[in-house]
Each structure stands twice: as structure tokens, then as C-alpha cells.
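Working notes for the structure below.
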Amino acid sequence: MFTLRFDLRAPHTPTADLYGAAIDMCAWAETRGAVLAVLSEHHGTADGHLAAPTILASAIAARTRRLAILLAAVPIPFWDPVRLAEEICALDIISRGRVSYAFGIGHRAEEYGHFGVEMSARGKLADERLALLLRLLAGESIDHDGRRITVTPGCVSPTGPNLLIAGGSRAAARRAARHGLGFISQSATPGLKEFYEGECRANGHEPGVVQFPAPNTPTAVFVADDVDGAWDELGPYLLHDARTAASYRNGDDTVASISRAHTVPELQQPGGAYQILTREEAAGYVRGGRPLPLLPLCGGLPPDVAWPYLERAAVATGPDRTGQ
């Protein structure tokens with residue numbers, strides 16, 4: 001049992017190769033233990049980070065039958081809510097309800113400049129656009145800013161797609177609670193879970209699905225027969241991913257998945273976000289009740305290098321090995 005995450009950074013590998021491999025990997029993996037594919041979103045980056053996750057999600061949904069897909073996090077201040085509602089409905093139809101969304105507010109000033117959006121207004125924009133989006137997804141026809149808005153066709157899921165809020169602050173937790181949405185926290189801030197639950201009840205909602213990072217839990221795993229050899233092969237790609245992700249956060253160390261490693265040996269420290277496991281270690285991880293979090297194309301890893309690691313992970317975490 002494992003998950004797949006794709007951000008499709010491509011500092012050296014042809015972008016078309018990575019996009020094609022991501023789709024092929026999802027189609028292959030859903031019959032071999034994959035339970036979820038996570039697609040991230042960033043804009044205007046030097047290494048081509050995935051900027052159009054709904055389009056990639058559509059391609060993955062068309063090639064799969066049961067694999068769940070999560071877009072996380074979708075920075076809602078950058079989206080026109082009407083257009084986003086139309087794309088969410090279309091994806092719900094194509095996937096037959098398998099696509100979920102975690103909405104965030106973004107954290108890179110460069111992206112706000114990219115879209116011409118004032119960063120200081122991001123919380124207000126997120127609240128306004130989210131409120132309109134939810135009404136449109138519920139099938140309402142709305143009079144807004146002097147225009148009539150109706151989104152058709154609507155979703156095929158009886159209650160619409162699963163929607164959550166992603167963030168690590170009380171403002172994010174409050175936003176989720178106000179709208180009765182689940183909450184994915186990027187930090188393990190003490191008391192934040194209780195705050196979210198209290199805000200839900202204060203707004204007349206039962207708390208939704210919550211996810212908080214567990215201590216010393218990896219967010220990017222590879223499975224190898226020769227761990228030292230794998231670090232030699234994968235290390236530069238993992239380090240690029242780590243350093244780029246850290247640069248997006250400008251010194252913010254509250255996000256559990258961020259590594260401040262500057263060298264591959266620093267990245268290898270026990271308990272880090274990036275881990276290379278043996279087959280036996282991978283099987284033990286899954287026996288502990290957690291899906292193995294894979295980032296198969298991490299840092300623009302060439303597909304021909306990435307595939308054997310994915311195949312080993314699937315074998316190592318399969319029911320014959322884990323007993324599940």
C-alpha cells in the first residue's frame with residue numbers, strides 16, 4: 001500500500017518525459033497497491049514545477065479506474081472561482097468522483113506577482129473566492145457583481161467532491177471550520193487540532209477529516225536493494241527537491257516536510273523527510289498501518305531511473321510481503 005506524489009520539477013529531465021511517466025506510473029500502480037496520487041501546484045518556477053494540476057489530473061483520471069487523486073494545495077487566490085468550479089465539475093465527471101482538493105492561500109511572493117494579485121489581501125480573497133466556489137459547486141445560480149452565474153454540467157458525485165483546507169495556522173483552521181471542511185495541517189502546532197474542532201462546533205459543523213504530520217515521518221520514500229548505492233544515484237535529485245522546497249518557505253521551519261539540508265549527507269540523517277528504505281523496512285512501515293509515501297520523479301529523476309524504485313516499492317509493500 002503506497003501513495004504517489006508528483007510535482008514534476010524538471011531541472012535537467014525533459015518535461016514531456018516526466019508528464020508521460022507520471023500518467024503511466026499512476027495507471028500501472030493502481031493495480032499494484034497505490035491508493036492515492038497527490039498533485040501539487042506552483043507557478044513561475046525556474047524548474048517548471050507543475051502549474052496546471054487539473055489538466056494532469058484529468059489525464060490520470062482517464063487512464064485509471066479507482067485510484068484516488070488529491071490536488072494539494074490549490075492556491076485559491078490565484079484562481080477565478082467560476083472557472084475553477086467548472087474544472088472541478090468536469091474532473092468529477094471524468095473521474096466519477098475520485099478527485100479531491102485541498103485549498104491553500106499560497107506563500108510565494110513571486111507567484112502573487114505572477115498573477116498580479118496583492119499578497120496582503122490573500123486571506124480576504126481566499127474567503128471570498130471559496131464562499132463563491134462552494135455555492136457554485138452546490139449547484140446554485142448566483143447573482144454576483146451584476147452578473148448571473150450558473151455552472152453546468154454539475155458534479156456527478158451526490159455530495160460533490162471532497163474539499164479540504166490546507167495550512168498550518170489558526171486562520172487556515174478557522175477557514176476550514178467556517179465552511180465545514182476538513183483540515184490538513186502542514187505543521188504539528190500544539191492545540192491547533194483542538195482549535196479547529198472548537199471552531200467547527202461554534203459554526204454549527206461537526207469536525208471533518210483532519211491530518212497532522214507525525215514526528216519523524218518521511219514524506220518522500222524510495223525502496224532499494226543497495227541503500228548506499230541508491231543515495232549515490234538519487235541524492236542530487238532529492239537534494240534539489242529539498243533545497244527548492246525550502247527556498248519557497250523563506251526560513252519558515254514550521255512545515256514538517258521541509259528539510260534545511262544543504263548536502264546529500266545532511267539529507268541522509270535519520271528521521272528526515274527523505275528516506276531510502278530496504279524492502280524489509282518498507283514492508284515494516286506498511287505493517288505499521290501507514291501507506292508508503294512515494295515521490296517517484298523527485299527532483300526531475302529520469303523515468304528510466306525512477307521505474308525500478310517504484311517497482312521495488314510495489315513488490316515490497318504488496319499483500320504477500322506485508323501480510324495485509
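Residues in the C-alpha cells are numbered from 1 in each chain, the chains being A, B, ... in the order shown, and ligands are numbered from 1 in the order shown.
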
inquiry  = Residues near Leu239 of chain A, anyone? I mean within 8 Å using only C-alpha atoms, not counting same-chain ones fewer than 6 positions away, as JSON, numbers by chain.
reply    = {"A": [261, 262, 263, 264, 267, 299]}

inquiry  = Give me, as an NGL selection string, all polymer residues having an atom no more than 12 Å from Asp225 of chain A, counting only C-alpha atoms and skipping those fewer than 6 positions away in the same chain.
reply    = :A and (231 or 276-282 or 308-309 or 311-313 or 316)

Expected file: the selected residues, C-alpha atoms, as a PDB file, in the first residue's frame:
```pdb
ATOM      1  CA  TRP A 231      21.857   7.544  -2.228  1.00  0.00           C
ATOM      2  CA  ILE A 276      15.628   5.328   1.229  1.00  0.00           C
ATOM      3  CA  LEU A 277      14.460   2.050   2.727  1.00  0.00           C
ATOM      4  CA  THR A 278      15.244  -1.590   2.139  1.00  0.00           C
ATOM      5  CA  ARG A 279      12.404  -3.840   1.008  1.00  0.00           C
ATOM      6  CA  GLU A 280      12.107  -5.208   4.543  1.00  0.00           C
ATOM      7  CA  GLU A 281      11.969  -1.725   6.051  1.00  0.00           C
ATOM      8  CA  ALA A 282       9.315  -0.671   3.552  1.00  0.00           C
ATOM      9  CA  PRO A 308      12.886   0.271 -10.748  1.00  0.00           C
ATOM     10  CA  TYR A 309      12.471   2.084  -7.412  1.00  0.00           C
ATOM     11  CA  GLU A 311       8.562  -1.416  -8.887  1.00  0.00           C
ATOM     12  CA  ARG A 312      10.527  -2.464  -5.788  1.00  0.00           C
ATOM     13  CA  ALA A 313       8.213  -0.411  -3.582  1.00  0.00           C
ATOM     14  CA  ALA A 316       7.853  -4.779  -1.014  1.00  0.00           C
TER      15      ALA A 316
END
```

inquiry  = Let me make sure I understand: among A:Val223, A:Val74, A:Ala214, A:Leu192, which one has the smallest atom-to-atom distance to Ala52 of chain A if we use only C-alpha atoms?
reply    =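 Of the candidates, the smallest distance to Ala52 of chain A is held by A:Val74.
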
request  = Looking only at strand (DSSP E or B) from DSSP on the backbone, list the matching residues of segment 71-320 of chain A as an NGL selection string.
outcome  = :A and (71-75 or 99-104 or 142-144 or 147-149 or 163-167 or 182-185 or 210-211 or 220-223 or 274-277 or 292-294)

ask   = Contacts of segment 107-116 of chain A at 10 Å or less, counting only C-alpha atoms, minus same-chain residues fewer than 2 places along, as a PyMOL selection string?
value = chain A and resi 42-45+75+77-79+104-105+118-120+122+247-250

request  = Name the residues in contact with Gly271 of chain A at a cut-off of 9 Å, using only C-alpha atoms, excluding same-chain residues fewer than 2 positions from it; report them as a ChimeraX atom specification.
outcome  = /A:215-218,268-269,273-275

task = Quick one: everything within 7 Å of segment 8-17 of chain A, counting only C-alpha atoms, minus sequence neighbours fewer than 5 positions away in the same chain. Send it as a list in words.
result =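 So the residues in contact are Asp47, Gly48, His49, Leu50, Leu297, Gly299, Gly300 and Pro302 of chain A.
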
key: All residues 7 Å or closer to Asp241 of chain A, only C-alpha atoms, same chain fewer than 4 positions away omitted, as a PyMOL selection string   = chain A and resi 237+245+298-299

message = For His179 of chain A, find every residue with an atom within 12 Å (counting only C-alpha atoms), except residues of its own chain fewer than 5 positions away, and show them as a list in words.
response =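 In the requested format, the answer is Asp127, Glu128, Leu130, Ala131, Leu132, Leu133, Leu134, Arg135, Leu163, Leu164, Ile165, Ala172, Ala173, Arg174, Tyr196, Glu199, Cys200, Arg201, Ala202, Asn203, Gly204, His205, Glu206, Pro207 and Gly208 of chain A.
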
Based on the selection just made, write C-alpha atoms of those residues as a PDB file, in the first residue's frame.
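Now in part_21.pdb:
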```
ATOM      1  CA  ASP A 127     -12.506  33.592   1.914  1.00  0.00           C
ATOM      2  CA  GLU A 128     -14.459  35.391  -0.811  1.00  0.00           C
ATOM      3  CA  LEU A 130     -14.008  29.912  -1.513  1.00  0.00           C
ATOM      4  CA  ALA A 131     -17.507  31.036  -0.486  1.00  0.00           C
ATOM      5  CA  LEU A 132     -18.481  31.612  -4.123  1.00  0.00           C
ATOM      6  CA  LEU A 133     -16.887  28.351  -5.239  1.00  0.00           C
ATOM      7  CA  LEU A 134     -18.799  26.300  -2.681  1.00  0.00           C
ATOM      8  CA  ARG A 135     -22.128  27.808  -3.718  1.00  0.00           C
ATOM      9  CA  LEU A 163     -12.874  19.505  -0.217  1.00  0.00           C
ATOM     10  CA  LEU A 164     -10.385  20.425   2.497  1.00  0.00           C
ATOM     11  CA  ILE A 165      -8.311  23.374   3.636  1.00  0.00           C
ATOM     12  CA  ALA A 172      -6.487  28.224   7.974  1.00  0.00           C
ATOM     13  CA  ALA A 173      -8.159  26.097  10.636  1.00  0.00           C
ATOM     14  CA  ARG A 174     -10.810  28.791  11.117  1.00  0.00           C
ATOM     15  CA  TYR A 196     -10.143  23.557  14.645  1.00  0.00           C
ATOM     16  CA  GLU A 199     -14.325  26.387  15.665  1.00  0.00           C
ATOM     17  CA  CYS A 200     -16.241  23.719  13.727  1.00  0.00           C
ATOM     18  CA  ARG A 201     -18.743  23.308  16.526  1.00  0.00           C
ATOM     19  CA  ALA A 202     -19.012  27.070  17.000  1.00  0.00           C
ATOM     20  CA  ASN A 203     -20.011  27.309  13.329  1.00  0.00           C
ATOM     21  CA  GLY A 204     -22.560  24.518  13.607  1.00  0.00           C
ATOM     22  CA  HIS A 205     -20.440  21.793  11.965  1.00  0.00           C
ATOM     23  CA  GLU A 206     -19.062  18.511  13.177  1.00  0.00           C
ATOM     24  CA  PRO A 207     -15.274  18.411  12.684  1.00  0.00           C
ATOM     25  CA  GLY A 208     -14.258  16.969   9.341  1.00  0.00           C
TER      26      GLY A 208
END
```

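Counting from atom CA of Cys89 of chain A, the distance to atom CA of Ala51 of chain A is 19.2 Å.
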
Between atom CA of Ala102 of chain A and atom CA of Leu70 of chain A, distance in Å (one decimal) =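 Rounded to one decimal, the two atoms are 7.4 Å apart.
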
ask   = What does the distance from atom CA of Ala57 of chain A to atom CA of Ala22 of chain A come to in Å, to one decimal?
value =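 According to the coordinates, atom CA of Ala57 of chain A and atom CA of Ala22 of chain A are separated by 10.2 Å.
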
key: Distance criterion (only C-alpha atoms): nearest to Arg96 of chain A out of A:Ile149, A:Cys155, A:Ile76, A:Ala59   = A:Cys155

ask   = Could you pull out the helix (DSSP H, G or I) residues of segment 222-324 of chain A from DSSP and send them as a PyMOL selection string?
value = chain A and resi 227-249+264-267+279-287+298-300+303-316+319-322
